[in-house]
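Okay, structure first, notes after.
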Amino acid sequence: MAAGVCLVLGLGLIGGAVAGGWYGRGAHEAASPDAFSAARGLWHTVPVDDLFPPVVQGGGAGPGGADRTWVRVGVAPDDDCAGAFDPLLARALAPVGCARLLRATYTDVTRSHVTTVGLVFTEADRAATDALATRFDAEGLGMRADLMPLPYAVADTVAAGFGAAQRATWTVSVLTDAPVVVYSVTGWADGRIVADPTPAEEDAESEATAAPAQAGLGHDARGLADRLERGVRRAVGEPPATRASS
C-alpha cells in the first residue's frame with residue numbers, strides 16, 4: 001500500500017502520539033524565522049511511518065477521558081492539493097498556496113469509525129500564515145460545514161466507502177509556528193450518509209447530543225488532529241541534525 005507513496009515523509013509524530021493530553025490549540029510557541037522556513041520542507045525529510053504511524057495511541061482522547069487507539073488503513077500519495085478540497089475550502093486556503101498535501105486514513109480498533117487526517121504544507125510566509133489563522137478564528141471558518149475537508153477513501157479497506165456524503169465531523173487548524181494547515185474529517189465505517197455534520201469542537205463537548213458526538217466521532221477527529229499538530233511542532237523544534245532522514 002505504501003509502495004506508491006514517497007517513503008521519505010515524516011515529522012516525528014510517534015513521540016507526540018504517545019504523550020498524554022491534547023496539545024492546547026491557540027497556545028502556539030513561536031518558532032524562529034529559520035525554523036519556520038525549514039518547516040516547509042519537513043514533509044520529505046523523515047519516514048512516512050513517523051508522520052502517520054501505523055498505530056496511534058490516544059491516552060484520554062475519547063469521551064469521558066477514555067483511551068483511544070487508531071489504526072492506519074492507508075496513506076495517500078503526496079499531492080499538490082488540486083481537487084483535494086471542496087471549492088469553498090480551496091478558496092479559503094488559496095491565499096497561502098499549497099506546496100504539498102499529505103493524507104492518511106485511520107480507523108478505530110472497533111472498525112466503527114474512519115478518519116482522514118491531512119497536512120497542507122503552504123507556500124506562505126509568516127505574515128500570510130498569521131493572517132489566515134486570524135481570519136479562520138475571527139470568522140469561525142473552521143466551524144462551517146461548507147468548509148469541511150474531503151476524506152481519503154482507501155480501496156479494499158473499512159474506509160472504501162468514505163466519501164463526501166459520509167462526513168460527520170471535522171476540524172481545521174491553521175498553525176502559526178509553521179507554514180502548515182492541519183485537518184481531519186471523520187465518519188462511520190458502515191458508509192451511512194450524514195445529513196447534518198457538526199464540527200469536532202462541538203461534538204467533543206460533554207453536553208453535545210448529536211449522533212456523531214454520542215458515538216465519539218468528534219473525539220476521533222480532534223484527537224488525531226491534535227496529535228498531528230504535536231508532531232509538527234516537535235519536528236519544528238528539533239535541530240536539523242537530530243531529524244531522521246533517508
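In the C-alpha cells, chains take the letters A, B, ... in the order shown, each chain's residues start at 1, and ligands count up from 1 in the order shown.
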As a PyMOL selection string, please: every residue in range 132-223 of chain A that DSSP puts in strand (DSSP E). chain A and resi 169-174+180-188
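Nearest to Arg103 in chain A of all the residues A:Val71, A:Val236, A:Ala76, A:Val120 is A:Ala76, counting only C-alpha atoms.
CA of Val180 in chain A lies 9.3 Å from CA of Cys98 in chain A.
Closest approach to Ala145 in chain A from the set A:Thr186, A:Thr157, A:Thr169, A:Thr129 is made by A:Thr169, with distances taken over only C-alpha atoms.
Remark: for Arg91 in chain A, the closest of the candidate residues A:Glu229, A:Ala235, A:Gly216, A:Leu141 is A:Leu141 (distances computed over only C-alpha atoms).
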12 Å contact set for Asp125 in chain A, only C-alpha atoms, chain neighbours under 6 positions out, as a ChimeraX atom specification: /A:33-40,95-97,131-132,176-180
Apply DSSP to the backbone of this structure and, from range 102-191 of chain A, keep only the residues in helix (DSSP H, G or I); write these as JSON, numbers by chain. {"A": [126, 127, 128, 129, 130, 131, 132, 133, 134, 135, 136, 137, 138, 139, 141, 142, 143, 145, 146, 147, 164, 165, 166]}
From CA of Ser184 in chain A to CA of Ala208 in chain A the spacing works out at 19.2 Å
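If only C-alpha atoms are the atoms counted, then among A:Leu147, A:Leu102, A:Ala168, A:Val55 the closest residue to Leu88 in chain A is A:Leu147.
In this comparison, which uses only C-alpha atoms, the residue of A:Asp226, A:Glu201, A:Asp49, A:Asp220 approaching Val182 in chain A most closely is A:Asp226.
Residue neighbourhood of Ala210 in chain A, excluding near-sequence residues (fewer than 6 positions): Ala168, Thr169, Val194, Ala195, Asp196, Pro197, Thr198, Pro199, Ala200, Glu202, Asp203, Ala204, Gly216, Leu217 and Gly218 of chain A, at 12 Å, using only C-alpha atoms.
Distances here use only C-alpha atoms; by that measure, the residue among A:Gly41, A:Gly142, A:Gly60, A:Gly74 closest to Val158 in chain A is A:Gly74.
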Show me, as a VMD selection string, the residues that have an atom within 9 Å of Phe162 in chain A when counting only C-alpha atoms, minus same-chain residues fewer than 3 positions from it. chain A and resid 114 to 115 151 to 154 158 to 159 165 to 167 186 to 191
Residue subset to file, keeping N, CA, C and O atoms, as a short mmCIF file (atom, residue, chain, number, x, y, z; two decimals), in the first residue's frame:
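Listing of out00.cif after writing:
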data_model
loop_
_atom_site.label_atom_id
_atom_site.label_comp_id
_atom_site.auth_asym_id
_atom_site.auth_seq_id
_atom_site.Cartn_x
_atom_site.Cartn_y
_atom_site.Cartn_z
N VAL A 114 -14.04 5.96 10.76
CA VAL A 114 -12.90 6.20 9.89
C VAL A 114 -12.58 7.69 9.89
O VAL A 114 -13.50 8.52 9.90
N THR A 115 -11.30 8.02 9.90
CA THR A 115 -10.86 9.41 9.98
C THR A 115 -9.72 9.67 9.02
O THR A 115 -8.72 8.94 9.03
N PRO A 151 -12.61 13.53 2.59
CA PRO A 151 -11.92 12.35 3.10
C PRO A 151 -11.08 11.68 2.02
O PRO A 151 -11.23 11.97 0.82
N TYR A 152 -10.20 10.80 2.46
CA TYR A 152 -9.42 9.96 1.55
C TYR A 152 -9.90 8.52 1.71
O TYR A 152 -9.64 7.88 2.73
N ALA A 153 -10.65 8.01 0.74
CA ALA A 153 -11.15 6.64 0.78
C ALA A 153 -10.03 5.69 0.35
O ALA A 153 -9.25 6.00 -0.55
N VAL A 154 -9.97 4.54 1.01
CA VAL A 154 -8.92 3.56 0.73
C VAL A 154 -9.58 2.27 0.26
O VAL A 154 -10.31 1.62 1.02
N VAL A 158 -11.82 -0.87 5.36
CA VAL A 158 -13.02 -0.40 6.03
C VAL A 158 -13.37 1.03 5.61
O VAL A 158 -14.52 1.47 5.78
N ALA A 159 -12.42 1.76 5.02
CA ALA A 159 -12.64 3.14 4.58
C ALA A 159 -12.94 3.24 3.09
O ALA A 159 -12.91 4.33 2.52
N ALA A 165 -20.34 12.39 1.24
CA ALA A 165 -21.64 12.27 1.90
C ALA A 165 -21.54 11.60 3.26
O ALA A 165 -22.48 11.68 4.07
N GLN A 166 -20.42 10.96 3.54
CA GLN A 166 -20.24 10.24 4.81
C GLN A 166 -19.55 11.10 5.88
O GLN A 166 -19.34 10.64 7.00
N ARG A 167 -19.22 12.32 5.55
CA ARG A 167 -18.54 13.18 6.53
C ARG A 167 -19.49 13.54 7.67
O ARG A 167 -20.58 14.06 7.43
N THR A 186 -14.08 12.89 9.95
CA THR A 186 -14.44 11.58 10.46
C THR A 186 -15.86 11.19 10.04
O THR A 186 -16.74 12.05 9.93
N GLY A 187 -16.08 9.89 9.84
CA GLY A 187 -17.41 9.37 9.55
C GLY A 187 -17.53 7.95 10.05
O GLY A 187 -16.59 7.39 10.62
N TRP A 188 -18.71 7.36 9.86
CA TRP A 188 -18.91 5.96 10.25
C TRP A 188 -18.38 5.04 9.16
O TRP A 188 -18.46 5.34 7.96
N ALA A 189 -17.86 3.90 9.59
CA ALA A 189 -17.27 2.95 8.65
C ALA A 189 -18.31 2.17 7.87
O ALA A 189 -17.96 1.52 6.87
N ASP A 190 -19.57 2.25 8.27
CA ASP A 190 -20.60 1.50 7.54
C ASP A 190 -21.13 2.24 6.33
O ASP A 190 -22.05 1.78 5.65
N GLY A 191 -20.56 3.41 6.04
CA GLY A 191 -20.94 4.15 4.84
C GLY A 191 -22.21 4.95 4.96
O GLY A 191 -22.70 5.49 3.95
#
Which polymer residues have any atom within 10 Å of an atom of Trp70 in chain A, counting only C-alpha atoms, with same-chain residues fewer than 4 positions away left out, as a short mmCIF file (atom, residue, chain, number, x, y, z; two decimals) with C-alpha atoms, in the first residue's frame?
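Wrote part.cif, looks like this:
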data_model
loop_
_atom_site.label_atom_id
_atom_site.label_comp_id
_atom_site.auth_asym_id
_atom_site.auth_seq_id
_atom_site.Cartn_x
_atom_site.Cartn_y
_atom_site.Cartn_z
CA PRO A 53 2.29 5.95 12.43
CA PRO A 54 0.64 2.59 11.72
CA VAL A 55 -0.91 2.78 15.21
CA VAL A 56 -1.64 5.95 17.19
CA GLN A 57 -2.39 5.71 20.90
CA GLY A 58 -4.75 8.36 22.23
CA THR A 105 -6.87 7.48 6.83
CA TYR A 106 -7.33 5.66 10.14
CA THR A 107 -9.98 3.54 11.81
CA ASP A 108 -10.63 2.96 15.49
CA VAL A 109 -9.91 -0.51 16.88
CA THR A 110 -13.57 -1.47 16.65
CA ARG A 111 -13.53 -0.58 12.95
CA HIS A 113 -15.25 4.93 12.59
CA VAL A 114 -12.90 6.20 9.89
CA THR A 115 -10.86 9.41 9.98
CA ASP A 220 -11.60 10.85 16.93
CA GLY A 223 -7.65 13.56 18.93
CA LEU A 224 -5.91 12.57 15.71
#
Residue contacts of Ala164 in chain A (9 Å, only C-alpha atoms) excluding same-chain residues fewer than 4 positions away, as a ChimeraX atom specification: /A:149-151,193
Write out, as a short mmCIF file (atom, residue, chain, number, x, y, z; two decimals), in the first residue's frame, the residues just selected, with all heavy atoms.
data_model
loop_
_atom_site.label_atom_id
_atom_site.label_comp_id
_atom_site.auth_asym_id
_atom_site.auth_seq_id
_atom_site.Cartn_x
_atom_site.Cartn_y
_atom_site.Cartn_z
N PRO A 149 -13.18 19.53 5.06
CA PRO A 149 -12.23 18.83 4.19
C PRO A 149 -12.87 17.59 3.57
O PRO A 149 -13.86 17.06 4.10
CB PRO A 149 -11.09 18.44 5.13
CG PRO A 149 -11.33 19.20 6.39
CD PRO A 149 -12.80 19.45 6.47
N LEU A 150 -12.30 17.12 2.49
CA LEU A 150 -12.74 15.88 1.88
C LEU A 150 -11.98 14.70 2.48
O LEU A 150 -10.80 14.82 2.83
CB LEU A 150 -12.51 15.91 0.37
CG LEU A 150 -13.46 16.78 -0.45
CD1 LEU A 150 -12.96 16.91 -1.89
CD2 LEU A 150 -14.87 16.20 -0.44
N PRO A 151 -12.61 13.53 2.59
CA PRO A 151 -11.92 12.35 3.10
C PRO A 151 -11.08 11.68 2.02
O PRO A 151 -11.23 11.97 0.82
CB PRO A 151 -13.07 11.44 3.53
CG PRO A 151 -14.20 11.81 2.65
CD PRO A 151 -14.05 13.28 2.36
N ILE A 193 -24.87 7.85 5.26
CA ILE A 193 -24.89 9.25 4.86
C ILE A 193 -25.25 10.12 6.05
O ILE A 193 -26.14 9.78 6.84
CB ILE A 193 -25.89 9.46 3.70
CG1 ILE A 193 -25.40 8.73 2.45
CG2 ILE A 193 -26.08 10.94 3.41
CD1 ILE A 193 -26.38 8.74 1.29
#
Kindly give the distance, in Å, that separates CA of Thr171 in chain A and CA of Gly118 in chain A, rounded to a single decimal. 10.5 Å
